[in-house]
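Q: Below is the file upload.json, which contains JSON, C-alpha atoms.
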```json
[["chain", "number", "residue", "atom", "x", "y", "z"],
["A", 1, "SER", "CA", 124.71, -60.54, 169.78],
["A", 2, "GLU", "CA", 126.28, -61.59, 166.49],
["A", 3, "ALA", "CA", 125.60, -60.61, 162.91],
["A", 4, "PRO", "CA", 126.92, -61.61, 159.47],
["A", 5, "ILE", "CA", 129.01, -59.13, 157.51],
["A", 6, "PRO", "CA", 126.64, -56.89, 155.50],
["A", 7, "ALA", "CA", 126.95, -56.89, 151.72],
["A", 8, "ALA", "CA", 127.55, -53.11, 151.59],
["A", 9, "CYS", "CA", 129.55, -51.41, 154.33],
["A", 10, "THR", "CA", 132.85, -49.70, 155.02],
["A", 11, "MET", "CA", 135.27, -51.21, 157.52],
["A", 12, "PHE", "CA", 138.67, -49.81, 158.51],
["A", 13, "ASP", "CA", 141.16, -49.49, 161.41],
["A", 14, "ALA", "CA", 141.34, -53.29, 161.73],
["A", 15, "VAL", "CA", 143.75, -54.59, 164.40],
["A", 16, "PHE", "CA", 144.52, -58.20, 165.35],
["A", 17, "SER", "CA", 143.79, -59.44, 168.85],
["A", 18, "PRO", "CA", 146.84, -60.56, 170.87],
["A", 19, "ASP", "CA", 145.84, -64.22, 170.28],
["A", 20, "GLY", "CA", 145.36, -63.63, 166.54],
["A", 21, "LEU", "CA", 141.82, -65.07, 166.53],
["A", 22, "SER", "CA", 139.82, -61.90, 165.97],
["A", 23, "LEU", "CA", 139.96, -58.31, 164.79],
["A", 24, "LEU", "CA", 138.69, -55.05, 166.19],
["A", 25, "LEU", "CA", 137.53, -52.69, 163.47],
["A", 26, "SER", "CA", 135.64, -49.50, 162.79],
["A", 27, "PHE", "CA", 132.34, -50.05, 161.00],
["A", 28, "ASP", "CA", 130.74, -47.21, 159.00],
["A", 29, "LYS", "CA", 127.05, -47.70, 158.30],
["A", 30, "ALA", "CA", 127.13, -44.70, 155.92],
["A", 31, "SER", "CA", 124.06, -42.80, 157.09],
["A", 32, "PRO", "CA", 122.72, -40.08, 154.74],
["A", 33, "GLU", "CA", 124.18, -37.08, 156.59],
["A", 34, "GLN", "CA", 127.43, -38.45, 158.01],
["A", 35, "GLY", "CA", 129.09, -41.70, 158.84],
["A", 36, "ASP", "CA", 127.62, -43.43, 161.89],
["A", 37, "ILE", "CA", 130.75, -45.28, 162.94],
["A", 38, "GLU", "CA", 130.82, -48.13, 165.47],
["A", 39, "VAL", "CA", 133.41, -50.62, 166.74],
["A", 40, "TYR", "CA", 132.89, -54.32, 166.11],
["A", 41, "ARG", "CA", 134.83, -57.48, 166.80],
["A", 42, "LEU", "CA", 135.24, -59.83, 163.84],
["A", 43, "MET", "CA", 135.76, -63.49, 164.72],
["A", 44, "LEU", "CA", 138.05, -64.87, 162.04],
["A", 45, "ALA", "CA", 136.93, -68.50, 162.30],
["A", 46, "ASP", "CA", 133.31, -67.88, 161.27],
["A", 47, "ARG", "CA", 133.42, -64.22, 160.09],
["A", 48, "LYS", "CA", 130.79, -63.17, 162.62],
["A", 49, "LEU", "CA", 130.59, -59.55, 163.75],
["A", 50, "MET", "CA", 130.06, -58.69, 167.41],
["A", 51, "PRO", "CA", 129.15, -55.06, 168.27],
["A", 52, "LEU", "CA", 131.33, -53.62, 171.04],
["A", 53, "ALA", "CA", 130.80, -49.85, 170.82],
["A", 54, "THR", "CA", 127.63, -48.71, 169.13],
["A", 55, "THR", "CA", 125.70, -45.47, 168.72],
["A", 56, "GLN", "CA", 123.64, -44.43, 171.74],
["A", 57, "GLY", "CA", 120.86, -42.22, 170.41],
["A", 58, "ALA", "CA", 122.40, -39.45, 168.27],
["A", 59, "LEU", "CA", 124.97, -40.20, 165.62],
["A", 60, "SER", "CA", 128.50, -40.61, 166.92],
["A", 61, "HIS", "CA", 131.88, -41.85, 165.83],
["A", 62, "GLU", "CA", 133.35, -44.79, 167.74],
["A", 63, "GLU", "CA", 136.63, -45.60, 166.02],
["A", 64, "SER", "CA", 140.39, -46.23, 166.16],
["A", 65, "PRO", "CA", 140.19, -49.26, 168.50],
["A", 66, "CYS", "CA", 143.34, -50.82, 169.94],
["A", 67, "TRP", "CA", 143.75, -53.87, 172.16],
["A", 68, "SER", "CA", 145.22, -54.03, 175.62],
["A", 69, "PRO", "CA", 148.13, -56.51, 175.67],
["A", 70, "ASP", "CA", 146.10, -59.08, 177.62],
["A", 71, "GLY", "CA", 143.22, -58.91, 175.12],
["A", 72, "LYS", "CA", 140.64, -58.12, 177.81],
["A", 73, "ARG", "CA", 140.12, -54.42, 177.10],
["A", 74, "PHE", "CA", 140.37, -51.99, 174.23],
["A", 75, "ALA", "CA", 140.89, -48.26, 173.90],
["A", 76, "LEU", "CA", 139.04, -46.18, 171.33],
["A", 77, "THR", "CA", 137.93, -42.66, 170.47],
["A", 78, "SER", "CA", 134.30, -41.57, 170.62],
["A", 79, "THR", "CA", 132.25, -38.43, 170.02],
["A", 80, "ARG", "CA", 129.28, -39.69, 172.05],
["A", 81, "HIS", "CA", 129.69, -36.81, 174.51],
["A", 82, "GLY", "CA", 130.15, -34.19, 171.80],
["A", 83, "ASN", "CA", 133.92, -34.01, 171.50],
["A", 84, "GLN", "CA", 136.39, -36.65, 170.33],
["A", 85, "GLU", "CA", 137.79, -38.20, 173.52],
["A", 86, "LEU", "CA", 139.62, -41.36, 174.59],
["A", 87, "TYR", "CA", 137.83, -44.22, 176.34],
["A", 88, "VAL", "CA", 138.68, -47.70, 177.61],
["A", 89, "ALA", "CA", 136.13, -50.52, 177.53],
["A", 90, "ASP", "CA", 136.00, -54.22, 178.41],
["A", 91, "VAL", "CA", 135.78, -56.54, 175.40],
["A", 92, "MET", "CA", 133.12, -58.58, 177.22],
["A", 93, "GLY", "CA", 130.99, -55.51, 177.98],
["A", 94, "GLY", "CA", 130.44, -53.22, 180.95],
["A", 95, "GLU", "CA", 130.93, -49.57, 181.81],
["A", 96, "TRP", "CA", 133.30, -47.45, 179.76],
["A", 97, "GLN", "CA", 136.05, -45.43, 181.39],
["A", 98, "ARG", "CA", 136.58, -41.97, 179.94],
["A", 99, "LEU", "CA", 140.26, -41.02, 179.92],
["A", 100, "THR", "CA", 140.22, -37.46, 178.53],
["A", 101, "THR", "CA", 137.95, -34.45, 179.05],
["A", 102, "ASP", "CA", 139.44, -31.69, 176.93],
["A", 103, "THR", "CA", 138.04, -29.43, 174.21],
["A", 104, "ALA", "CA", 140.88, -30.59, 171.98],
["A", 105, "ILE", "CA", 140.74, -33.57, 169.63],
["A", 106, "ASP", "CA", 142.22, -36.76, 171.11],
["A", 107, "ALA", "CA", 142.75, -39.50, 168.53],
["A", 108, "HIS", "CA", 144.40, -42.76, 167.45],
["A", 109, "PRO", "CA", 145.25, -44.49, 170.75],
["A", 110, "ASN", "CA", 147.89, -47.23, 170.88],
["A", 111, "TRP", "CA", 148.45, -49.39, 173.97],
["A", 112, "SER", "CA", 152.00, -50.05, 175.20],
["A", 113, "PRO", "CA", 153.20, -53.69, 175.34],
["A", 114, "ASP", "CA", 153.44, -53.62, 179.15],
["A", 115, "GLY", "CA", 149.85, -52.37, 179.43],
["A", 116, "LYS", "CA", 150.80, -49.33, 181.51],
["A", 117, "THR", "CA", 150.51, -46.51, 178.95],
["A", 118, "ILE", "CA", 148.38, -45.44, 176.02],
["A", 119, "ALA", "CA", 149.95, -43.17, 173.40],
["A", 120, "PHE", "CA", 147.67, -40.95, 171.31],
["A", 121, "ALA", "CA", 147.57, -37.85, 169.13],
["A", 122, "THR", "CA", 146.11, -34.59, 170.41],
["A", 123, "ASN", "CA", 145.90, -30.94, 169.34],
["A", 124, "ARG", "CA", 145.56, -29.57, 172.87],
["A", 125, "TRP", "CA", 148.89, -27.74, 172.45],
["A", 126, "GLY", "CA", 148.01, -26.25, 169.06],
["A", 127, "ASP", "CA", 148.90, -28.68, 166.29],
["A", 128, "LEU", "CA", 148.82, -32.46, 166.59],
["A", 129, "GLU", "CA", 151.39, -33.90, 168.99],
["A", 130, "ILE", "CA", 151.94, -37.33, 170.52],
["A", 131, "ALA", "CA", 150.98, -37.63, 174.17],
["A", 132, "MET", "CA", 150.78, -40.48, 176.67],
["A", 133, "ILE", "CA", 148.30, -41.30, 179.42],
["A", 134, "ASN", "CA", 147.78, -44.14, 181.88],
["A", 135, "PRO", "CA", 144.83, -46.49, 181.19],
["A", 136, "ASP", "CA", 143.02, -45.07, 184.23],
["A", 137, "GLY", "CA", 143.21, -41.52, 182.83],
["A", 138, "SER", "CA", 146.04, -40.33, 185.07],
["A", 139, "ASN", "CA", 149.52, -38.99, 184.31],
["A", 140, "LEU", "CA", 148.92, -37.21, 181.00],
["A", 141, "ARG", "CA", 152.25, -36.14, 179.51],
["A", 142, "ARG", "CA", 153.52, -34.82, 176.21],
["A", 143, "LEU", "CA", 156.04, -36.76, 174.12],
["A", 144, "THR", "CA", 156.60, -34.72, 170.94],
["A", 145, "GLN", "CA", 157.08, -31.01, 170.33],
["A", 146, "SER", "CA", 157.17, -29.93, 166.71],
["A", 147, "LYS", "CA", 155.67, -27.29, 164.45],
["A", 148, "GLY", "CA", 154.15, -29.95, 162.22],
["A", 149, "LEU", "CA", 151.60, -32.71, 162.52],
["A", 150, "ASP", "CA", 152.58, -35.72, 164.68],
["A", 151, "ASP", "CA", 150.03, -38.54, 164.50],
["A", 152, "TYR", "CA", 149.35, -42.31, 164.47],
["A", 153, "PRO", "CA", 151.66, -43.46, 167.28],
["A", 154, "ALA", "CA", 152.71, -47.12, 167.33],
["A", 155, "TRP", "CA", 154.67, -48.72, 170.18],
["A", 156, "SER", "CA", 157.66, -50.92, 169.41],
["A", 157, "PRO", "CA", 157.38, -54.53, 170.69],
["A", 158, "ASP", "CA", 159.97, -53.80, 173.39],
["A", 159, "GLY", "CA", 158.02, -50.73, 174.58],
["A", 160, "ARG", "CA", 161.06, -48.47, 174.37],
["A", 161, "ARG", "CA", 160.21, -46.50, 171.21],
["A", 162, "ILE", "CA", 157.22, -45.02, 169.42],
["A", 163, "ALA", "CA", 156.92, -44.74, 165.65],
["A", 164, "PHE", "CA", 154.62, -42.04, 164.30],
["A", 165, "THR", "CA", 153.74, -40.01, 161.21],
["A", 166, "SER", "CA", 154.98, -36.43, 160.98],
["A", 167, "ASN", "CA", 155.25, -33.65, 158.40],
["A", 168, "ARG", "CA", 157.60, -31.56, 160.55],
["A", 169, "ASP", "CA", 160.13, -31.48, 157.69],
["A", 170, "GLY", "CA", 157.55, -30.57, 155.04],
["A", 171, "ASN", "CA", 156.59, -34.08, 153.90],
["A", 172, "LEU", "CA", 154.80, -36.97, 155.58],
["A", 173, "GLU", "CA", 157.46, -39.32, 156.92],
["A", 174, "ILE", "CA", 157.73, -42.00, 159.57],
["A", 175, "TYR", "CA", 159.65, -40.95, 162.66],
["A", 176, "LEU", "CA", 160.97, -43.07, 165.46],
["A", 177, "GLN", "CA", 161.34, -41.64, 168.96],
["A", 178, "PRO", "CA", 162.82, -43.31, 172.03],
["A", 179, "LEU", "CA", 161.02, -42.39, 175.23],
["A", 180, "ASP", "CA", 164.19, -40.69, 176.44],
["A", 181, "GLY", "CA", 165.59, -39.18, 173.24],
["A", 182, "PRO", "CA", 164.93, -37.16, 170.06],
["A", 183, "ALA", "CA", 162.85, -38.31, 167.10],
["A", 184, "ILE", "CA", 164.59, -39.65, 163.98],
["A", 185, "ASN", "CA", 163.22, -39.62, 160.43],
["A", 186, "VAL", "CA", 163.49, -43.26, 159.29],
["A", 187, "THR", "CA", 161.89, -43.05, 155.82],
["A", 188, "ARG", "CA", 163.35, -39.93, 154.17],
["A", 189, "ASN", "CA", 161.46, -40.24, 150.91],
["A", 190, "GLU", "CA", 159.66, -37.74, 148.67],
["A", 191, "ALA", "CA", 156.60, -39.99, 148.66],
["A", 192, "ILE", "CA", 153.99, -39.98, 151.43],
["A", 193, "ASP", "CA", 154.85, -42.38, 154.25],
["A", 194, "ASN", "CA", 152.07, -42.94, 156.76],
["A", 195, "PHE", "CA", 150.35, -45.27, 159.28],
["A", 196, "PRO", "CA", 153.33, -47.05, 160.88],
["A", 197, "THR", "CA", 153.03, -50.41, 162.59],
["A", 198, "TRP", "CA", 155.51, -53.03, 163.79],
["A", 199, "THR", "CA", 156.26, -56.65, 163.06],
["A", 200, "PRO", "CA", 156.70, -58.86, 166.15],
["A", 201, "ASP", "CA", 160.47, -58.97, 165.57],
["A", 202, "GLY", "CA", 160.76, -55.16, 165.71],
["A", 203, "ARG", "CA", 160.64, -53.97, 162.09],
["A", 204, "ILE", "CA", 158.57, -50.93, 161.09],
["A", 205, "VAL", "CA", 155.96, -51.37, 158.37]]
```
Show this structure as structure tokens.

A:
Amino acid sequence: SEAPIPAACTMFDAVFSPDGLSLLLSFDKASPEQGDIEVYRLMLADRKLMPLATTQGALSHEESPCWSPDGKRFALTSTRHGNQELYVADVMGGEWQRLTTDTAIDAHPNWSPDGKTIAFATNRWGDLEIAMINPDGSNLRRLTQSKGLDDYPAWSPDGRRIAFTSNRDGNLEIYLQPLDGPAINVTRNEAIDNFPTWTPDGRIV
């Protein structure tokens, strides 16, 4: 079903589809006790909202959506089973696939350009680190190891590097890590640098 954009709502985590014709976004209906967050697709041509991941019974948070490179699926986080876990769903509907089943928090998935890997942040090793997992839930592996917070991973267009936020040096900076090498601080500024993303030609924003 489709719905117009409500006059009063909070929307965030918007990401363009691979064809540039729509957005996935997190939609907070702002219930009295806590946010009841759902994932919608916004069609840019007519500004219609299409619900993709909505609350099933009790309040839950469906958020941080990211597209698969072919635009057919999306990954997201959800608390519908009590803990914040990673899921993959088909944009056109159908059964969800749960990727993680851990008591830790798993958050902020980002799909690799070749479609073979999803990077995400997790605190299963203590503090937040960047990990990777296959879209079928197999081959979980750890990418970063630091005493600080590592979060918001973003794949480079060539799939060879991951940018992420970290405070490992005492301030929030953007780091860049090759899959086979150490992380490098690329911002080095006293201000807060956060939420990295990439331009198609390989620049970090």

Q: Restricting the calculation to all atoms listed in the file, which member of A:Ser156, A:Asp19, A:Pro178, A:Asp169 is positioned closest to A:Pro200?

A: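 Nearest to A:Pro200: A:Ser156.
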
Q: Please determine, counting all atoms listed in the file, which residue among A:Ser68, A:Leu149, A:Thr101, A:Ala163 has the shortest atom-to-atom distance to A:Lys116.

A: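 Checking each of A:Ser68, A:Leu149, A:Thr101, A:Ala163 against A:Lys116, counting all atoms listed in the file, the winner is A:Ser68.
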
Q: Residues proximal to (158.2, -23.2, 164.3) were defined as those with any atom within 12 Å of that point in the file's coordinates, counting all atoms listed in the file. Which are they, as a count of residues only?

A: 10

Q: Considering all atoms listed in the file, return as an MDAnalysis selection string whatever protein or nucleic-acid residues lie within 8 Å of A:Asp106, sequence-local ones (same chain, fewer than 5 positions apart) excluded.

A: chainID A and resid 77 84:86 100 120:123

Q: To one decimal place, how far is atom CA of A:Asp201 from atom CA of A:Phe164 in Å?

A: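 Spanning atom CA of A:Asp201 to atom CA of A:Phe164 is a straight-line distance of 18.0 Å.
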
Q: For A:Phe16, list every protein, DNA or RNA residue within 12 Å, evaluated using all atoms listed in the file, and leave out those in the same chain fewer than 4 positions away; present the list as a PyMOL selection string.

A: chain A and resi 20-25+41-44+65-69+71+74+197

Q: Which is closest to A:Phe195 among A:Leu52, A:Ala14, A:Ala183, A:Ile174, if we use all atoms listed in the file?

A: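 Answer, going by the shortest atom-to-atom distance: A:Ile174.
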
Q: Using atom CA of A:Ser26 and atom CA of A:Glu129 as the two end points, give the distance in Å to one decimal.

A: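 One can read the atom CA of A:Ser26 to atom CA of A:Glu129 distance as 23.0 Å.
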
Q: Near A:Gly202, within 8 Å and counting only C-alpha atoms, which residues show up once chain neighbours fewer than 4 positions away are dropped, as an MDAnalysis selection string?

A: chainID A and resid 156:158 198

Q: If we count all atoms listed in the file, what is near A:Arg73 at a cut-off of 6 Å, once residues fewer than 5 positions away on the same chain are taken out, given as a list in words?

A: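 Skipping anything fewer than 5 positions along the chain leaves Ser68, Ala89, Asp90 and Val91 of chain A.
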
Q: Let me have the centre and edge lengths of the axis-aligned box enclosing all listed atoms of stretch 116-129 of chain A with 8 Å padding on every side, in Å to one decimal, as JSON.

A:
```
{"center_x": 148.5, "center_y": -37.8, "center_z": 173.9, "size_x": 21.8, "size_y": 39.1, "size_z": 31.2}
```

Q: So that I can see what lies close to A:Ile192, please list as JSON, numbers by chain the residues with an atom at most 9 Å from it, counting all atoms listed in the file and leaving out residues fewer than 2 positions away in the same chain.

A: {"A": [171, 172, 173, 189, 190, 194]}
